[in-house]
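Asks: Got data_7.txt for you, compact mmCIF, C-alpha atoms:
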# COMPACT_ATOMS: atom_id res chain seq x y z
CA MET J 1 94.40 175.08 -29.58
CA GLY J 2 92.14 178.08 -30.29
CA ARG J 3 91.54 176.88 -33.83
CA GLU J 4 90.55 173.39 -32.72
CA ARG J 5 88.23 174.73 -30.05
CA ALA J 6 86.57 177.13 -32.52
CA MET J 7 86.14 174.34 -35.05
CA ILE J 8 84.62 171.95 -32.51
CA GLU J 9 82.17 174.63 -31.35
CA TRP J 10 81.28 175.45 -34.96
CA MET J 11 80.73 171.79 -35.85
CA SER J 12 78.62 171.24 -32.73
CA ALA J 13 76.38 174.17 -33.66
CA PHE J 14 75.84 173.37 -37.34
CA THR J 15 76.39 169.66 -37.97
CA SER J 16 75.73 166.17 -36.69
CA VAL J 17 79.43 165.33 -36.99
CA PRO J 18 80.52 163.35 -33.89
CA VAL J 19 83.09 165.81 -32.56
CA PRO J 20 84.49 165.46 -29.01
CA LYS J 21 82.38 167.05 -26.28
CA MET J 22 84.14 170.07 -24.77
CA LEU J 23 84.52 169.66 -21.01
CA LEU J 24 86.84 172.53 -20.17
CA HIS J 25 88.79 175.27 -21.88
CA GLU J 26 91.07 177.49 -19.82
CA VAL J 27 94.30 179.45 -19.94
CA SER J 28 97.20 178.26 -17.82
CA ARG J 29 99.13 180.50 -15.44
CA GLU J 30 101.80 180.75 -18.12
CA GLY J 31 99.22 182.11 -20.56
CA THR J 32 98.92 178.93 -22.65
CA PRO J 33 95.37 177.99 -23.68
CA TYR J 34 94.32 174.38 -23.18
CA MET J 35 91.17 172.31 -23.34
CA ILE J 36 89.85 169.00 -22.10
CA THR J 37 87.43 166.96 -24.20
CA GLU J 38 85.46 163.80 -23.62
CA SER J 39 87.21 160.61 -24.73
CA PRO J 40 85.73 159.02 -27.86
CA ARG J 41 83.60 155.95 -27.36
CA GLY J 42 83.77 152.76 -29.35
CA THR J 43 86.65 151.09 -31.18
CA PRO J 44 89.46 152.86 -33.04
CA LEU J 45 89.24 152.29 -36.78
CA TYR J 46 93.01 151.82 -37.04
CA GLY J 47 93.86 148.13 -36.98
CA HIS J 48 90.23 147.02 -36.81
CA PHE J 49 88.66 147.92 -40.16
CA THR J 50 89.57 144.62 -41.82
CA ASP J 51 87.78 142.78 -39.01
CA LEU J 52 84.43 144.33 -39.93
CA SER J 53 81.80 142.27 -41.71
CA ASP J 54 80.53 143.41 -45.10
CA GLY J 55 77.42 144.79 -43.41
CA GLN J 56 79.52 146.77 -40.96
CA LYS J 57 81.63 148.15 -43.81
CA GLN J 58 78.44 149.20 -45.58
CA ALA J 59 77.34 150.98 -42.39
CA ASN J 60 80.77 152.61 -42.23
CA LEU J 61 80.38 153.96 -45.76
CA GLN J 62 76.89 155.26 -45.02
CA SER J 63 78.09 157.04 -41.88
CA TYR J 64 81.06 158.52 -43.77
CA VAL J 65 78.63 159.93 -46.33
CA ASP J 66 76.43 161.34 -43.55
CA LEU J 67 79.46 163.01 -41.98
CA THR J 68 80.95 164.48 -45.16
CA LEU J 69 77.62 165.71 -46.50
CA SER J 70 76.90 167.35 -43.16
CA LEU J 71 80.18 169.26 -43.48
CA PHE J 72 79.46 169.93 -47.15
CA ARG J 73 76.28 171.86 -46.29
CA VAL J 74 77.57 174.05 -43.46
CA PRO J 75 77.03 177.79 -44.08
CA CYS J 76 80.59 178.90 -44.63
CA PRO J 77 82.69 182.02 -45.33
CA SER J 78 83.65 182.08 -49.00
CA TYR J 79 87.40 182.23 -48.39
CA ILE J 80 90.20 179.72 -47.87
CA GLY J 81 91.57 179.53 -44.34
CA SER J 82 91.02 178.05 -40.88
CA ILE J 83 88.36 178.84 -38.30
CA VAL J 84 89.89 180.96 -35.54
CA PHE J 85 86.73 182.18 -33.80
CA PHE J 86 83.11 181.13 -33.46
CA SER J 87 80.28 182.84 -31.60
CA ALA J 88 77.33 180.62 -30.76
CA ALA J 89 75.31 183.69 -29.81
CA SER J 90 75.47 185.14 -33.31
CA ASP J 91 76.32 181.97 -35.27
CA THR J 92 79.34 183.82 -36.64
CA ALA J 93 82.56 182.13 -37.73
CA ARG J 94 85.76 184.02 -38.51
CA LEU J 95 88.60 182.74 -40.65
CA GLY J 96 92.33 183.16 -40.23
CA PRO J 97 95.21 182.02 -42.45
CA CYS J 98 95.59 178.25 -42.80
CA THR J 99 98.75 176.43 -41.73
CA HIS J 100 101.05 174.55 -44.09
CA PRO J 101 101.54 170.93 -42.90
CA LEU J 102 105.12 170.85 -44.20
CA ASP J 103 106.66 173.28 -41.74
CA GLY J 104 103.77 174.62 -39.69
CA THR J 105 104.04 178.12 -41.15
CA ARG J 106 100.94 180.25 -41.54
CA ALA J 107 99.78 181.37 -44.93
CA PRO J 108 100.40 185.08 -45.58
CA ALA J 109 96.66 185.77 -45.55
CA VAL J 110 93.20 184.30 -45.91
CA PHE J 111 92.95 183.44 -49.60
CA GLU J 112 90.12 184.89 -51.65
CA GLY J 113 90.39 182.31 -54.41
CA ILE J 114 91.77 178.91 -55.32
CA GLU J 115 94.40 180.43 -57.63
CA ASP J 116 95.99 182.36 -54.75
CA TYR J 117 95.94 179.24 -52.58
CA PHE J 118 97.77 177.19 -55.21
CA GLY J 119 100.20 180.03 -55.80
CA TRP J 120 101.22 179.78 -52.15
CA LEU J 121 101.60 175.99 -52.31
CA LEU J 122 103.60 176.17 -55.54
CA ASN J 123 106.04 178.71 -54.15
CA LYS J 124 106.54 176.70 -50.96
CA LYS J 125 107.21 173.45 -52.82
CA ARG J 126 109.44 175.02 -55.49
CA THR J 127 111.57 176.62 -52.80
CA LEU J 128 111.78 173.34 -50.88
CA LEU J 129 112.91 171.28 -53.87
CA SER J 130 115.43 173.88 -55.01
CA ALA J 131 116.95 174.10 -51.53
CA ALA J 132 117.05 170.30 -51.20
CA ALA J 133 118.84 169.99 -54.56
CA ALA J 134 121.41 172.58 -53.48
CA ARG J 135 122.06 170.69 -50.23
CA ASP J 136 122.34 167.33 -51.97
CA TYR J 137 124.90 168.57 -54.48
CA ALA J 138 126.84 170.40 -51.80
CA ASP J 139 127.03 167.21 -49.74
CA ALA J 140 128.08 165.18 -52.78
CA ASP J 141 130.73 167.78 -53.58
CA ASN J 142 132.18 167.49 -50.10
CA ASP J 143 132.21 163.68 -50.16
CA VAL J 144 134.03 163.23 -53.46
CA LYS J 145 137.80 163.68 -53.70
CA PRO J 146 138.71 165.99 -56.60
CA ALA J 147 140.44 164.33 -59.53
CA TYR J 148 141.52 167.59 -61.13
CA GLY J 149 141.57 169.96 -58.18
CA SER J 150 138.89 171.65 -56.09
CA ARG J 151 138.12 174.30 -58.74
CA ALA J 152 137.34 171.67 -61.39
CA LYS J 153 135.29 169.68 -58.92
CA GLY J 154 133.27 172.75 -57.91
CA ALA J 155 132.59 173.69 -61.53
CA ALA J 156 131.32 170.18 -62.32
CA THR J 157 129.06 170.19 -59.27
CA ASN J 158 127.68 173.62 -60.13
CA ALA J 159 126.92 172.48 -63.66
CA LYS J 160 124.97 169.47 -62.33
CA LEU J 161 123.10 171.67 -59.86
CA ASP J 162 122.21 174.12 -62.63
CA ARG J 163 120.77 171.26 -64.69
CA GLU J 164 118.74 170.01 -61.72
CA GLN J 165 117.40 173.49 -60.96
CA ALA J 166 116.43 173.86 -64.62
CA ARG J 167 114.65 170.50 -64.42
CA ILE J 168 112.69 171.72 -61.39
CA ARG J 169 111.71 174.93 -63.18
CA ARG J 170 110.49 173.02 -66.24
CA ALA J 171 108.48 170.61 -64.10
CA PHE J 172 106.77 173.44 -62.24
CA ALA J 173 106.08 175.31 -65.46
CA ARG J 174 104.24 172.24 -66.81
CA LEU J 175 102.34 171.79 -63.55
CA GLU J 176 101.26 175.43 -63.51
CA VAL J 177 99.96 175.19 -67.09
CA HIS J 178 97.86 172.10 -66.32
CA LEU J 179 96.61 173.56 -63.05
CA ALA J 180 95.59 176.81 -64.71
CA GLU J 181 93.62 174.88 -67.34
CA ALA J 182 91.96 172.66 -64.72
CA LEU J 183 90.98 175.62 -62.54
CA ARG J 184 89.57 177.57 -65.50
CA ASN J 185 87.19 174.70 -66.26
CA LEU J 186 85.65 174.55 -62.77
CA ASP J 187 81.96 175.38 -62.44
CA GLU J 188 80.90 177.82 -59.73
CA PRO J 189 79.37 175.18 -57.38
CA LEU J 190 82.74 173.40 -57.24
CA LEU J 191 84.35 176.58 -55.87
CA ARG J 192 81.91 177.00 -52.99
CA CYS J 193 83.95 176.80 -49.76
CA VAL J 194 83.27 174.10 -47.17
CA PRO J 195 85.09 172.93 -44.02
CA VAL J 196 87.14 169.74 -44.00
CA ASN J 197 89.21 167.91 -41.40
CA GLU J 198 92.52 167.22 -43.16
CA ASP J 199 93.62 164.74 -40.51
CA MET J 200 90.61 162.43 -40.53
CA GLY J 201 92.81 159.37 -40.78
CA PRO J 202 92.22 155.93 -39.28
CA ARG J 203 93.97 156.85 -36.03
CA ASN J 204 91.52 159.70 -35.42
CA VAL J 205 88.27 157.86 -36.25
CA TRP J 206 86.30 155.67 -33.83
CA LEU J 207 83.58 153.15 -34.67
CA ASP J 208 80.52 151.84 -32.88
CA ALA J 209 79.51 148.17 -32.77
CA GLU J 210 77.75 148.44 -36.17
CA GLY J 211 80.82 149.91 -37.87
CA ARG J 212 79.47 153.45 -38.06
CA ILE J 213 81.72 156.42 -37.35
CA ALA J 214 81.04 157.30 -33.72
CA GLY J 215 83.76 159.85 -33.10
CA VAL J 216 86.35 161.97 -34.90
CA VAL J 217 89.14 163.58 -32.88
CA ASP J 218 91.94 166.08 -33.63
CA TRP J 219 90.21 168.97 -35.41
CA GLY J 220 93.21 171.28 -35.27
CA ALA J 221 94.21 170.31 -38.82
CA HIS J 222 91.11 171.72 -40.50
CA VAL J 223 90.69 174.13 -43.36
CA VAL J 224 87.84 175.81 -45.20
CA LYS J 225 88.44 175.38 -48.91
CA PRO J 226 86.62 174.89 -52.25
CA ALA J 227 84.33 171.89 -52.56
CA VAL J 228 86.43 170.45 -55.40
CA LEU J 229 89.32 170.12 -52.92
CA ALA J 230 87.22 169.12 -49.91
CA ALA J 231 85.45 166.15 -51.51
CA ALA J 232 87.36 162.94 -50.87
CA TYR J 233 87.18 159.22 -50.35
CA PRO J 234 87.90 158.00 -46.82
CA SER J 235 91.64 158.22 -46.25
CA TRP J 236 91.69 154.56 -45.21
CA LEU J 237 90.19 153.60 -48.58
CA SER J 238 91.83 156.14 -50.89
CA TYR J 239 91.61 154.89 -54.44
CA PRO J 240 94.56 152.61 -55.24
CA ASP J 241 96.41 153.44 -58.43
CA TYR J 242 97.62 150.42 -60.37
CA GLU J 243 99.14 152.39 -63.25
CA TYR J 244 101.17 154.73 -61.04
CA PRO J 245 101.96 152.81 -57.84
CA GLN J 246 104.28 155.56 -56.59
CA LEU J 247 101.16 157.63 -55.89
CA ASN J 248 99.57 155.03 -53.64
CA ALA J 249 99.29 155.43 -49.90
CA ARG J 250 102.47 154.73 -47.98
CA ASP J 251 103.34 153.68 -44.45
CA GLY J 252 100.40 151.33 -44.05
CA LYS J 253 97.75 153.97 -44.62
CA TYR J 254 95.43 151.49 -46.31
CA MET J 255 93.27 149.54 -43.90
CA GLU J 256 92.29 147.13 -46.66
CA SER J 257 93.77 145.40 -49.67
CA ALA J 258 93.87 147.47 -52.85
CA GLU J 259 91.15 145.31 -54.43
CA GLU J 260 88.81 145.61 -51.44
CA ALA J 261 89.48 149.34 -51.14
CA GLU J 262 88.51 149.82 -54.78
CA ARG J 263 85.36 147.73 -54.37
CA LEU J 264 84.27 149.81 -51.38
CA CYS J 265 85.05 153.08 -53.15
CA VAL J 266 82.86 152.05 -56.08
CA ARG J 267 80.11 151.29 -53.57
CA LEU J 268 80.66 154.72 -52.05
CA ASP J 269 80.32 156.27 -55.51
CA ASN J 270 76.87 154.73 -55.83
CA ILE J 271 75.78 156.01 -52.42
CA LEU J 272 77.00 159.54 -53.18
CA LEU J 273 75.45 159.61 -56.64
CA GLU J 274 72.09 158.80 -55.07
CA ARG J 275 72.46 161.12 -52.08
CA ASP J 276 74.16 164.27 -53.41
CA ALA J 277 75.06 164.83 -57.06
CA GLU J 278 76.96 168.04 -56.25
CA TYR J 279 79.35 166.22 -53.90
CA TYR J 280 79.74 163.39 -56.39
CA ASN J 281 80.64 165.86 -59.14
CA ALA J 282 83.17 167.59 -56.89
CA LEU J 283 84.71 164.21 -56.09
CA LYS J 284 85.07 163.23 -59.75
CA GLU J 285 85.94 166.61 -61.26
CA GLY J 286 88.67 167.33 -58.73
CA VAL J 287 90.85 164.21 -59.07
CA PHE J 288 93.84 165.90 -60.71
CA ILE J 289 93.52 169.11 -58.67
CA ARG J 290 93.51 167.18 -55.39
CA MET J 291 96.44 165.05 -56.56
CA ALA J 292 98.39 168.21 -57.32
CA GLU J 293 97.48 169.68 -53.94
CA ALA J 294 98.55 166.50 -52.14
CA TRP J 295 101.88 166.44 -54.01
CA LEU J 296 102.55 170.08 -53.21
CA LYS J 297 101.81 169.59 -49.50
CA ASP J 298 103.78 166.35 -49.08
CA PRO J 299 107.29 167.10 -47.72
CA ASN J 300 108.60 163.81 -49.16
CA SER J 301 107.17 164.01 -52.68
CA ASP J 302 109.63 164.35 -55.54
CA LEU J 303 109.70 165.07 -59.28
CA HIS J 304 109.26 161.37 -60.10
CA GLN J 305 105.90 161.42 -58.34
CA LEU J 306 105.02 164.72 -60.01
CA GLN J 307 105.51 163.01 -63.37
CA ALA J 308 102.80 160.52 -62.40
CA VAL J 309 100.50 163.37 -61.36
CA MET J 310 101.10 165.04 -64.70
CA SER J 311 100.36 161.80 -66.56
CA HIS J 312 96.97 161.77 -64.86
CA ALA J 313 96.43 165.36 -65.93
CA VAL J 314 97.09 164.57 -69.59
CA VAL J 315 94.80 161.52 -69.54
CA ASN J 316 91.96 163.35 -67.78
CA MET J 317 92.13 166.41 -70.01
CA VAL J 318 92.16 164.65 -73.38
I need this file expressed as structure tokens, please.
Replies:
Amino acid sequence: MGRERAMIEWMSAFTSVPVPKMLLHEVSREGTPYMITESPRGTPLYGHFTDLSDGQKQANLQSYVDLTLSLFRVPCPSYIGSIVFFSAASDTARLGPCTHPLDGTRAPAVFEGIEDYFGWLLNKKRTLLSAAAARDYADADNDVKPAYGSRAKGAATNAKLDREQARIRRAFARLEVHLAEALRNLDEPLLRCVPVNEDMGPRNVWLDAEGRIAGVVDWGAHVVKPAVLAAAYPSWLSYPDYEYPQLNARDGKYMESAEEAERLCVRLDNILLERDAEYYNALKEGVFIRMAEAWLKDPNSDLHQLQAVMSHAVVNMV
């Protein structure tokens, strides 16, 4: 709650982003902080984007650019973390460790660089996959009746688990090599830290009658991170991937058909190229790095999807 409040106050002071108006922030008798904000006005984007006319969609893209570029130019601490305090009197923002979306755990510290941030994500994901493999093989071992006795069955299961753990280690070794190369090639402007709302999905965005973004709620899931990771297409229009469909949005995240989403993203490219070349470069240069970050943070992603991410890395680095 404190993080969301600090972020809303920070955004209200420095940007034109349509954050909720703070009506009350108190601490309950039990010592739990809470806040009350003004309800967003307009129409929720979720379930209504396809009903917009082409002109309204164009207005939506323009307002998305206005919003993201406003965030992109906020004076910001040059570290990776989440806003935990903001003082309007001194225009001072203080960062704390960011939170991992997988299990809600805090990072061990505010990260000074992108390499440390990825090191944390890599360790979390490697541990998760290794533990999941151990559970899966243990469950399979318990479900199968031994043909040659429990000792033989256990040895066979352990051998399979060892091969799977070795496969995980090889996959992460390849990913780390490609990530290290990609990070080495980043220019300094791409590493400048900016704030981003990581939960700006269609359920948290509201539109006015012209299709413009009129409100964005739920700022608790924010992070300050390098521009190359912060630049992004709207989550409801994330670029479809025809070559590697396993990387496409799942669970109805797209608000449009893949063809229409691609058409609108190309239109967005043109707007960004005209408005802010630095943001456009961050968007284009960070494709593989953001894909790797998304895979590492997704609790359901597997090695099959990582193979698709790696295929992108090879193509983009040739």
Asks: Please measure the separation of atom CA of J:Val223 and atom CA of J:Leu273, giving the value in Å to one decimal.
Replies: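 Atom-to-atom, atom CA of J:Val223 to atom CA of J:Leu273, that is 24.9 Å.
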Asks: Of the residues J:Leu69, J:Leu129, J:Leu190, J:Ala214, which is the one nearest to J:Pro18, using all atoms listed in the file?
Replies: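 Of all the options, J:Ala214 lies closest to J:Pro18.
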Asks: Closest to J:Arg275 among J:Thr68, J:Lys124, J:Ala132, J:Arg41, using all atoms listed in the file?
Replies: J:Thr68
Asks: Excluding same-chain residues fewer than 5 positions from J:Val266, what lies within 12 Å of it counting only C-alpha atoms, as a ChimeraX atom specification?
Replies: /J:58,61,233,237-240,259-261,271-273,280,284
Asks: From the set J:Thr127, J:Ser12, J:Ser90, J:Asn270, which residue has the shortest atom-to-atom contact distance to J:Pro299, counting all atoms listed in the file?
Replies: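 Between J:Thr127, J:Ser12, J:Ser90, J:Asn270, the residue approaching J:Pro299 most closely is J:Thr127.
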Asks: Quick one: residues within 8 Å of stretch 199-212 of chain J, only C-alpha atoms counted, chain neighbours fewer than 4 positions away excluded, as a list in words?
Replies: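 Counting only the stated atoms, we get Pro40, Arg41, Gly42, Thr43, Pro44, Leu45, Tyr46, Leu52, Gln56, Lys57, Ala59, Asn60, Leu61, Gln62, Ser63, Tyr64, Val216, Val217, Asp218, Trp219, Ala221, His222, Pro234, Ser235, Trp236, Lys253 and Met255 of chain J.
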Asks: So what do you get for atom CA of J:Lys125 versus atom CA of J:Leu296, distance-wise?
Replies: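 Answer for the atom CA of J:Lys125 to atom CA of J:Leu296 separation: 5.8 Å.
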Asks: How many Å separate atom CA of J:Ala231 from atom CA of J:Leu283?
Replies: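 Computed distance, atom CA of J:Ala231 to atom CA of J:Leu283, equals 5.0 Å.
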Asks: Could you check the closest approach to J:Gly113 for each of J:Leu95, J:Ala282, J:Leu183, J:Met291 and tell me which residue wins, using only C-alpha atoms?
Replies: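 Among the listed residues, the smallest separation from J:Gly113 belongs to J:Leu183.
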Asks: I'd like to know which of J:Ala134, J:Glu9, J:Glu181, J:Arg73 is closest to J:Ala89, using all atoms listed in the file.
Replies: J:Glu9
Asks: Taking (119.9, 177.9, -54.7) in the coordinates of the supplied file, I want to know which residues reach to within 12 Å of it, counting all atoms listed in the file; could you give the answer as a VMD selection string?
Replies: chain J and resid 126 to 138 158 161 to 162 164 to 166 168
Asks: Select, from J:Arg170, J:Lys21, J:Arg184, J:Lys225, the residue with the minimum atom-to-atom distance to J:Cys98, counting all atoms listed in the file.
Replies: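 The shortest atom-to-atom distance to J:Cys98 comes from J:Lys225.
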Asks: Would you kindly return, as a PyMOL selection string, each protein, DNA or RNA residue with an atom no farther than 10 Å from any atom of J:Glu176, considering all atoms listed in the file and excluding same-chain residues fewer than 4 positions away?
Replies: chain J and resi 118-119+122+170-172+180-182+292
Asks: So that I have them on file, write out the residues from the current selection with C-alpha atoms, as a JSON list (two decimals), keeping the file's coordinate frame.
Replies:
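The resulting file, part-v7.json, is reproduced below:
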[["chain", "number", "residue", "atom", "x", "y", "z"],
["J", 118, "PHE", "CA", 97.77, 177.19, -55.21],
["J", 119, "GLY", "CA", 100.20, 180.03, -55.80],
["J", 122, "LEU", "CA", 103.60, 176.17, -55.54],
["J", 170, "ARG", "CA", 110.49, 173.02, -66.24],
["J", 171, "ALA", "CA", 108.48, 170.61, -64.10],
["J", 172, "PHE", "CA", 106.77, 173.44, -62.24],
["J", 180, "ALA", "CA", 95.59, 176.81, -64.71],
["J", 181, "GLU", "CA", 93.62, 174.88, -67.34],
["J", 182, "ALA", "CA", 91.96, 172.66, -64.72],
["J", 292, "ALA", "CA", 98.39, 168.21, -57.32]]
Asks: Within 8 Å of (91.5, 186.7, -45.0) (coordinates as in the file), grab all the protein and nucleic acid residues, counting all atoms listed in the file, and write them out as a ChimeraX atom specification.
Replies: /J:79-81,95-97,109-112
